[in-house]
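work12.txt (compact mmCIF, C-alpha atoms and all ligand atoms)
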```txt
# COMPACT_ATOMS: atom_id res chain seq x y z
CA MET L 1 110.73 -2.50 67.69
CA PRO L 2 111.96 0.87 66.40
CA VAL L 3 114.32 2.64 68.79
CA ARG L 4 112.70 5.76 70.22
CA PRO L 5 114.93 8.82 69.90
CA LEU L 6 116.06 10.42 73.16
CA PRO L 7 113.74 13.26 74.22
CA LEU L 8 114.87 16.83 73.73
CA THR L 9 116.73 17.93 76.82
CA ASP L 10 118.54 21.18 77.51
CA SER L 11 121.85 21.59 79.30
CA PHE L 12 120.03 22.14 82.63
CA GLY L 13 118.28 18.78 82.40
CA ARG L 14 114.86 20.21 81.47
CA THR L 15 113.00 18.04 78.99
CA ILE L 16 111.22 20.04 76.30
CA ARG L 17 107.71 18.65 75.86
CA TYR L 18 105.87 21.74 74.72
CA LEU L 19 106.20 23.67 71.46
CA ARG L 20 104.40 26.88 70.63
CA LEU L 21 104.23 27.45 66.93
CA SER L 22 103.56 30.85 65.48
CA VAL L 23 101.94 30.20 62.12
CA THR L 24 101.72 33.83 60.98
CA ASP L 25 102.73 37.32 62.08
CA ARG L 26 99.49 38.72 60.63
CA CYS L 27 96.38 39.60 62.56
CA GLY L 28 93.06 41.35 62.03
CA PHE L 29 93.44 43.20 65.36
CA ARG L 30 96.02 45.74 66.45
CA CYS L 31 96.08 45.33 70.23
CA VAL L 32 97.84 48.34 71.71
CA TYR L 33 100.32 46.25 73.74
CA CYS L 34 101.13 43.97 70.81
CA MET L 35 101.23 45.78 67.45
CA ALA L 36 101.49 49.28 66.08
CA GLU L 37 98.43 50.32 64.11
CA ASP L 38 100.51 50.59 60.93
CA ALA L 39 102.41 47.35 61.63
CA GLY L 40 104.10 45.98 58.54
CA PHE L 41 104.29 42.27 57.91
CA LEU L 42 106.98 39.88 56.81
CA PRO L 43 107.49 39.07 53.14
CA LYS L 44 105.88 35.75 52.21
CA ALA L 45 109.19 34.09 51.34
CA GLU L 46 110.42 34.51 54.91
CA VAL L 47 107.39 32.84 56.44
CA LEU L 48 107.35 29.05 56.63
CA THR L 49 104.83 27.37 54.37
CA LEU L 50 102.17 25.22 56.04
CA GLU L 51 103.97 22.11 54.75
CA GLU L 52 107.23 23.33 56.32
CA ILE L 53 105.48 24.01 59.63
CA ASP L 54 104.02 20.51 59.53
CA ARG L 55 107.44 18.95 58.85
CA LEU L 56 109.11 20.89 61.61
CA ALA L 57 106.34 20.21 64.12
CA SER L 58 106.52 16.55 63.24
CA VAL L 59 110.26 16.49 63.98
CA PHE L 60 109.53 17.93 67.42
CA VAL L 61 106.83 15.31 67.98
CA LYS L 62 109.27 12.60 66.97
CA LEU L 63 111.73 14.01 69.52
CA GLY L 64 109.24 13.81 72.37
CA THR L 65 107.11 16.97 72.17
CA ARG L 66 103.74 16.04 73.70
CA LYS L 67 101.93 19.33 73.36
CA LEU L 68 101.64 21.71 70.41
CA ARG L 69 100.04 25.11 70.60
CA LEU L 70 99.38 27.11 67.44
CA THR L 71 99.56 30.84 67.84
CA GLY L 72 100.61 33.95 65.96
CA GLY L 73 99.73 36.72 65.05
CA GLU L 74 96.27 35.32 64.71
CA PRO L 75 96.53 31.64 63.72
CA LEU L 76 93.00 31.43 62.31
CA VAL L 77 93.57 34.18 59.71
CA ARG L 78 96.25 32.19 57.92
CA PRO L 79 94.80 30.81 54.67
CA GLY L 80 94.78 27.00 54.75
CA ILE L 81 95.25 26.87 58.53
CA MET L 82 92.60 24.18 58.92
CA ASP L 83 94.56 21.90 56.57
CA LEU L 84 97.52 22.21 58.94
CA VAL L 85 95.34 21.54 61.99
CA ARG L 86 93.80 18.47 60.36
CA SER L 87 97.22 17.23 59.31
CA LEU L 88 98.74 17.67 62.79
CA GLY L 89 95.72 15.83 64.17
CA ARG L 90 97.32 12.60 62.91
CA HIS L 91 99.81 12.81 65.81
CA LEU L 92 96.91 12.86 68.26
CA ARG L 93 95.35 9.81 66.64
CA SER L 94 98.68 7.94 66.70
CA GLY L 95 99.11 8.76 70.40
CA ALA L 96 102.42 10.58 69.77
CA LEU L 97 100.88 13.86 70.89
CA ASP L 98 98.78 14.47 74.02
CA GLU L 99 97.38 17.80 73.01
CA LEU L 100 96.95 20.15 70.07
CA THR L 101 95.63 23.56 71.08
CA LEU L 102 95.62 27.11 69.92
CA THR L 103 95.63 30.63 71.22
CA THR L 104 93.28 32.87 69.30
CA ASN L 105 91.69 36.28 69.47
CA GLY L 106 88.38 34.50 68.77
CA SER L 107 87.48 36.57 65.72
CA MET L 108 87.38 33.56 63.37
CA LEU L 109 86.08 30.95 65.81
CA PHE L 110 82.54 31.22 64.46
CA LYS L 111 83.91 29.79 61.21
CA HIS L 112 86.43 27.25 62.47
CA ALA L 113 85.29 25.99 65.89
CA ALA L 114 83.56 22.87 64.56
CA GLY L 115 86.51 22.00 62.29
CA LEU L 116 88.94 22.37 65.15
CA ALA L 117 86.93 19.97 67.28
CA GLU L 118 86.72 17.49 64.40
CA ALA L 119 90.51 17.60 64.00
CA GLY L 120 90.98 16.59 67.64
CA VAL L 121 91.45 19.97 69.32
CA LYS L 122 89.88 19.77 72.77
CA ARG L 123 90.41 23.26 74.09
CA VAL L 124 91.37 26.74 72.97
CA ASN L 125 92.69 29.83 74.71
CA VAL L 126 90.78 32.93 73.73
CA SER L 127 92.30 36.32 74.44
CA LEU L 128 89.67 38.66 75.82
CA ASP L 129 90.70 41.59 77.98
CA THR L 130 87.32 43.20 78.50
CA LEU L 131 83.59 42.56 78.20
CA ASP L 132 82.87 46.17 77.32
CA PRO L 133 82.49 46.70 73.53
CA HIS L 134 83.95 50.23 73.61
CA LYS L 135 86.98 49.22 75.63
CA PHE L 136 87.37 46.16 73.42
CA ARG L 137 87.53 48.44 70.40
CA ALA L 138 90.02 50.73 72.14
CA ILE L 139 92.33 47.86 73.14
CA THR L 140 92.20 45.90 69.89
CA ARG L 141 91.76 49.01 67.67
CA TRP L 142 90.06 46.97 64.93
CA GLY L 143 88.20 44.23 66.79
CA ARG L 144 84.49 43.70 67.45
CA LEU L 145 83.44 42.18 70.74
CA ASP L 146 80.15 40.72 69.46
CA LYS L 147 82.03 38.69 66.85
CA VAL L 148 84.40 37.28 69.45
CA LEU L 149 81.56 36.43 71.84
CA GLY L 150 79.75 34.71 68.94
CA GLY L 151 82.92 32.75 68.24
CA ILE L 152 83.17 31.69 71.86
CA ASP L 153 79.55 30.45 71.70
CA ALA L 154 80.40 28.48 68.56
CA ALA L 155 83.38 26.93 70.34
CA VAL L 156 81.20 25.93 73.28
CA ASP L 157 78.64 24.41 70.89
CA ALA L 158 81.44 22.45 69.21
CA GLY L 159 82.40 21.00 72.60
CA LEU L 160 85.69 22.88 72.97
CA ARG L 161 86.86 23.78 76.47
CA ILE L 162 87.72 27.45 76.78
CA LYS L 163 90.30 29.35 78.73
CA ILE L 164 90.11 33.11 78.64
CA ASN L 165 93.38 35.06 78.68
CA ALA L 166 93.13 38.64 79.85
CA VAL L 167 96.05 41.04 79.87
CA ALA L 168 95.74 43.19 82.99
CA LEU L 169 95.94 46.85 82.06
CA ARG L 170 96.03 49.62 84.63
CA GLY L 171 93.32 52.18 84.11
CA VAL L 172 91.75 50.08 81.35
CA ASN L 173 90.30 46.81 82.64
CA ASP L 174 91.26 46.85 86.32
CA ASP L 175 87.66 47.75 87.19
CA GLU L 176 86.37 44.65 85.41
CA VAL L 177 88.22 41.86 87.16
CA HIS L 178 85.23 40.76 89.28
CA ARG L 179 82.94 40.76 86.27
CA MET L 180 85.43 38.65 84.33
CA VAL L 181 85.61 36.10 87.17
CA GLU L 182 81.84 35.97 87.39
CA TRP L 183 81.33 35.71 83.63
CA CYS L 184 83.92 32.92 83.28
CA GLY L 185 82.60 31.15 86.37
CA GLU L 186 79.05 31.10 84.99
CA ARG L 187 80.28 29.55 81.75
CA GLY L 188 82.76 27.08 83.20
CA PHE L 189 85.74 28.82 81.56
CA ASP L 190 89.13 29.00 83.22
CA LEU L 191 90.53 32.51 83.32
CA THR L 192 94.15 33.62 83.24
CA PHE L 193 95.34 37.11 83.93
CA ILE L 194 98.59 38.09 82.21
CA GLU L 195 100.91 40.88 83.23
CA VAL L 196 101.69 43.14 80.31
CA MET L 197 105.21 42.46 79.13
CA PRO L 198 107.68 44.99 77.78
CA LEU L 199 108.18 43.27 74.45
CA GLY L 200 109.18 45.09 71.31
CA GLY L 201 108.82 48.44 73.01
CA ALA L 202 105.10 47.86 73.72
CA PRO L 203 103.68 50.86 75.61
CA CYS L 204 103.44 49.15 78.91
CA SER L 205 104.97 51.21 81.68
CA GLU L 206 101.81 53.32 82.10
CA GLN L 207 99.60 50.26 81.74
CA TYR L 208 101.64 47.90 83.88
CA LEU L 209 99.46 46.44 86.59
CA PRO L 210 101.09 43.94 88.93
CA LEU L 211 98.94 40.85 89.33
CA SER L 212 99.53 40.98 93.09
CA ARG L 213 97.15 43.97 92.95
CA VAL L 214 94.62 42.04 90.85
CA ARG L 215 94.77 39.17 93.30
CA SER L 216 94.29 41.43 96.32
CA GLU L 217 91.29 43.03 94.62
CA LEU L 218 89.77 39.63 93.83
CA GLU L 219 90.26 38.48 97.41
CA MET L 220 87.91 41.27 98.55
CA ARG L 221 85.02 39.41 96.96
CA TRP L 222 86.05 35.84 96.20
CA THR L 223 87.60 33.00 98.17
CA LEU L 224 90.75 31.97 96.33
CA GLU L 225 92.17 28.57 97.24
CA ASP L 226 95.75 27.90 96.17
CA THR L 227 96.12 24.80 94.01
CA ASP L 228 99.19 22.88 92.99
CA HIS L 229 98.01 22.74 89.37
CA ARG L 230 101.03 23.52 87.14
CA THR L 231 101.55 23.39 83.42
CA GLY L 232 105.32 23.80 83.31
CA GLY L 233 104.72 27.42 82.35
CA PRO L 234 104.71 30.71 84.19
CA ALA L 235 101.14 30.52 85.53
CA ARG L 236 100.13 29.97 89.14
CA TYR L 237 96.55 28.79 89.69
CA VAL L 238 93.88 29.27 92.32
CA ARG L 239 90.38 27.83 92.60
CA VAL L 240 87.48 30.22 93.20
CA THR L 241 85.33 28.58 95.87
CA GLU L 242 82.16 30.42 94.87
CA THR L 243 82.28 29.54 91.14
CA GLY L 244 84.42 26.39 91.15
CA GLY L 245 86.43 28.02 88.33
CA ARG L 246 90.18 28.22 88.08
CA ILE L 247 92.12 31.46 87.80
CA GLY L 248 95.71 31.60 86.59
CA PHE L 249 98.15 34.42 87.12
CA ILE L 250 100.98 34.77 84.64
CA THR L 251 103.53 37.08 86.18
CA PRO L 252 106.69 36.94 84.11
CA LEU L 253 107.89 40.29 85.43
CA THR L 254 107.53 39.64 89.12
CA HIS L 255 108.29 35.96 89.48
CA SER L 256 110.95 33.67 88.28
CA PHE L 257 109.30 30.68 86.66
CA CYS L 258 112.21 29.59 84.55
CA GLU L 259 113.37 26.64 86.60
CA SER L 260 110.45 24.46 85.51
CA CYS L 261 110.19 25.79 81.95
CA ASN L 262 109.47 22.94 79.53
CA ARG L 263 108.70 24.98 76.41
CA VAL L 264 110.22 26.59 73.38
CA ARG L 265 108.66 28.80 70.72
CA LEU L 266 109.01 28.71 66.98
CA THR L 267 108.45 31.94 65.07
CA CYS L 268 106.64 31.88 61.75
CA THR L 269 110.01 32.41 60.06
CA GLY L 270 111.44 29.24 61.60
CA MET L 271 113.51 30.81 64.39
CA LEU L 272 113.43 28.79 67.59
CA CYS L 273 113.16 31.13 70.56
CA LEU L 274 114.53 29.38 73.56
CA CYS L 275 113.23 31.86 76.08
CA LEU L 276 110.49 34.48 75.70
CA GLY L 277 112.59 36.98 77.63
CA ARG L 278 115.76 36.74 75.56
CA GLU L 279 116.86 37.61 72.07
CA ASP L 280 118.76 34.39 71.44
CA ALA L 281 117.12 32.23 68.79
CA ALA L 282 118.24 29.43 66.53
CA ASP L 283 117.59 29.38 62.80
CA LEU L 284 115.75 26.18 61.86
CA ARG L 285 114.51 27.45 58.50
CA THR L 286 117.87 26.97 56.81
CA PRO L 287 118.25 23.29 57.74
CA LEU L 288 114.52 22.81 57.07
CA ARG L 289 114.83 24.21 53.55
CA GLN L 290 117.91 22.11 52.87
CA GLY L 291 115.50 19.20 52.93
CA ASP L 292 117.45 16.75 55.08
CA ASP L 293 115.37 15.70 58.11
CA GLU L 294 118.33 14.14 59.91
CA ARG L 295 120.22 17.44 59.81
CA LEU L 296 117.07 19.19 60.88
CA GLU L 297 116.75 16.91 63.92
CA GLU L 298 120.35 17.63 64.81
CA ALA L 299 119.75 21.38 64.46
CA VAL L 300 116.72 21.10 66.77
CA ARG L 301 118.74 19.20 69.39
CA ASP L 302 121.63 21.68 69.19
CA ALA L 303 119.23 24.61 69.51
CA VAL L 304 117.44 23.19 72.55
CA ALA L 305 120.77 22.47 74.21
CA ARG L 306 121.35 26.25 74.11
CA LYS L 307 118.21 27.05 76.11
CA PRO L 308 119.28 29.55 78.78
CA ALA L 309 118.68 29.01 82.49
CA GLY L 310 116.19 31.87 82.62
CA HIS L 311 115.13 35.27 81.42
CA ASP L 312 116.44 38.64 82.45
CA PHE L 313 113.56 41.01 82.53
CA ALA L 314 112.33 40.68 86.08
CA PRO L 315 112.62 44.02 87.88
CA GLY L 316 115.47 43.74 90.31
CA ARG L 317 117.33 41.42 87.99
CA ALA L 318 118.47 43.13 84.83
CA GLY L 319 115.55 45.56 84.83
CA ARG L 320 112.97 46.08 82.14
CA HIS L 321 115.51 47.42 79.67
CA ALA L 322 116.73 43.90 79.13
CA ALA L 323 113.48 42.96 77.40
CA PRO L 324 113.87 41.78 73.83
CA GLN L 325 112.71 43.81 70.85
CA ARG L 326 110.56 41.00 69.40
CA ARG L 327 106.85 41.54 69.74
CA MET L 328 104.51 38.75 70.82
CA SER L 329 102.94 38.70 67.37
CA VAL L 330 106.29 37.56 65.99
CA THR L 331 107.38 35.25 68.79
CA GLY L 332 103.94 33.79 69.35
CA GLY L 333 102.32 34.34 72.73
N1 LIG L 401 96.30 36.54 68.27
C1 LIG L 401 96.20 35.53 69.25
C2 LIG L 401 95.65 36.07 70.54
O1 LIG L 401 95.60 37.29 70.72
O2 LIG L 401 95.27 35.24 71.37
C3 LIG L 401 97.46 34.77 69.51
C4 LIG L 401 98.74 35.56 69.55
S1 LIG L 401 98.86 36.75 70.86
C5 LIG L 401 100.44 37.42 70.55
C6 LIG L 401 99.06 35.68 72.27
C7 LIG L 401 98.85 36.31 73.60
O3 LIG L 401 99.87 37.25 73.83
C8 LIG L 401 97.53 37.03 73.78
O4 LIG L 401 96.87 36.50 74.91
C9 LIG L 401 97.95 38.46 74.01
O5 LIG L 401 97.06 39.10 74.88
C10 LIG L 401 99.33 38.29 74.59
N2 LIG L 401 100.20 39.46 74.46
C11 LIG L 401 100.54 40.13 73.35
N3 LIG L 401 101.39 41.15 73.64
C12 LIG L 401 101.58 41.11 74.98
C13 LIG L 401 102.34 41.88 75.89
N4 LIG L 401 103.08 42.92 75.50
N5 LIG L 401 102.30 41.53 77.20
C14 LIG L 401 101.55 40.48 77.63
N6 LIG L 401 100.82 39.72 76.82
C15 LIG L 401 100.82 40.03 75.51
FE1 LIG L 402 96.58 40.21 67.21
FE2 LIG L 402 96.77 38.63 69.33
FE3 LIG L 402 98.54 40.64 68.95
FE4 LIG L 402 96.05 41.24 69.56
S1 LIG L 402 97.48 40.10 70.84
S2 LIG L 402 97.25 42.18 67.91
S3 LIG L 402 94.91 39.64 68.59
S4 LIG L 402 98.30 38.86 67.70
```
Translate the structure described by the file into structure tokens.
Ligand code: SAM
Ligand code: SF4
Amino acid sequence: MPVRPLPLTDSFGRTIRYLRLSVTDRCGFRCVYCMAEDAGFLPKAEVLTLEEIDRLASVFVKLGTRKLRLTGGEPLVRPGIMDLVRSLGRHLRSGALDELTLTTNGSMLFKHAAGLAEAGVKRVNVSLDTLDPHKFRAITRWGRLDKVLGGIDAAVDAGLRIKINAVALRGVNDDEVHRMVEWCGERGFDLTFIEVMPLGGAPCSEQYLPLSRVRSELEMRWTLEDTDHRTGGPARYVRVTETGGRIGFITPLTHSFCESCNRVRLTCTGMLCLCLGREDAADLRTPLRQGDDERLEEAVRDAVARKPAGHDFAPGRAGRHAAPQRRMSVTGG
């Protein structure tokens, strides 16, 4: 029997089972908290090819990664993305991978939902901050709500499970939280609220809405039962008695979730970000492009060993100024 390589473990004993892969920094939207309207994009040569992403992902799978999430930018705008999804699907069929998912703005789901399901994807996270078409336009600058809702319908028809991610924005969608819970509950979608993070200088201080406030507001109308459901990430989950749906709260600014962190993120340029809240990243593109998979494996192990104990940007720790300059579209959300 072949000897299984030791799983990737950091210096604090956390085993890394979850890789988020940003497949592009490009996107058809310009969400106000994520990208400037005139955002420039990386030169093609800096971005990993789909074959390189596949090779790198496969090294992680070999080293014990059980869950891959494709993200971006918008993963579904990358030309050829479905070839990558189909190719990575082989790790699901072999049993090496438990889950292949993606986070999407939903704008291309109408086209790709069926293909995703065929490749073995079982669920997708769709980012949707509002159900109001005008607000949707204002938040995303270039997006159209009807297209996203059509994409969500296509995903449901294809048998994909859906989780909605909504960034909580003060003065923007705080009056919609009940409607979002109701809408998701009726459709059987889980819903996660995300606190806006001060990444890359995103304009968030005026829009920052602590999720403790969202939760208190929800408790006025809904019965929220705490659950012990955990994903190894920063979300805490409750069950809504009235709808049976689950609500997650991702509060990176107000809670320390680092102790149980089992994930790392790969940028589309092949930098491994060991912690969303820190600048430190390891270059995997150089060993990848040298073509020697053994050296690449070693580079991955060395990088993971450097994973820090936790991030710095919780208020009361190092303050918000400690937030890194990378935007989510580069790091991958
Ligand atoms: N384009 C895809 C999407 O929007 O789902 C995937 C990439 S996007 C960067 C991933 C997630 O990051 C989205 O749910 C988005 O709302 C979130 N995000 C982006 N910038 C953020 C910020 N400054 N604070 C909190 N969440 C942010
Ligand atoms: Fe694009 Fe997603 Fe960033 Fe919005 S949050 S601009 S959809 S990458």
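Excluding Thr140 of chain L and any residue on its chain fewer than 5 positions from it, the residues at most 10 Å away by all atoms listed in the file are Gly28, Phe29, Arg30, Cys31, Val32, Tyr33, Cys34, Met35, Glu37, Asn105, Leu128, Asp129, Lys135 and Leu145 of chain L.
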Exercise. Skip Leu288 of chain L itself and residues of its chain fewer than 6 positions away, then list as JSON, numbers by chain all residues within 9 Å of it, counting all atoms listed in the file.
Key: {"L": [52, 55, 56, 270, 295, 296]}
Quiz item: To one decimal place, how far is atom CA of Thr104 of chain L from atom CA of Glu279 of chain L in Å?
Solution: 24.2 Å
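For the set L:Arg263, L:Arg86, L:Arg170, L:Arg230, the residue with the smallest atom-to-atom gap to Tyr208 of chain L is L:Arg170, counting all atoms listed in the file.
The interatomic distance for the pair atom CA of Arg14 of chain L and atom CA of Asp190 of chain L works out to 27.2 Å.
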Quiz prompt | One-decimal distance in Å that lies between atom CA of Asp293 of chain L and atom CA of Ile53 of chain L | solution = 13.0 Å
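Among the candidate residues L:Thr286, L:Thr103, L:Thr24, L:Thr223, the one lying nearest to Val47 of chain L is L:Thr24, with distances computed using all atoms listed in the file.
Residue nearest Arg90 of chain L, chosen from L:Asp132, L:Pro252, L:Ser58, L:Val264 and counting all atoms listed in the file: L:Ser58.
If only C-alpha atoms are the atoms counted, then among L:Val181, L:Ile152, L:Ala113, L:Leu266 the closest residue to Thr243 of chain L is L:Val181.
Distances from L:Ile162, L:Ile247, L:Leu42, L:Val196 to ligand LIG 402 (chain L) were compared using all atoms listed in the file, and the smallest one belongs to L:Val196.
Shortest separation to ligand LIG 401 (chain L) among L:Ile194, L:Ala303, L:Leu169, L:Met271 occurs at residue L:Ile194, atoms counted being only C-alpha atoms and all ligand atoms.
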Exercise. For Leu274 of chain L, list every protein, DNA or RNA residue within 7 Å, evaluated using only C-alpha atoms, and leave out those in the same chain fewer than 2 positions away; present the list as a ChimeraX atom specification.
Key: /L:264-265,272,276,280-281,304,307
Self-check item: Shell of 7 Å around Leu97 of chain L, only C-alpha atoms, local chain residues under 5 positions omitted, as JSON, numbers by chain
Solution: {"L": [61, 66, 67, 91, 92]}
Kindly compute an axis-aligned box around the listed atoms of segment 240-246 of chain L, allowing 5 Å on each side, and express its centre and edge lengths in Å to one decimal as JSON.
```
{"center_x": 86.2, "center_y": 28.4, "center_z": 92.0, "size_x": 18.0, "size_y": 14.0, "size_z": 17.8}
```
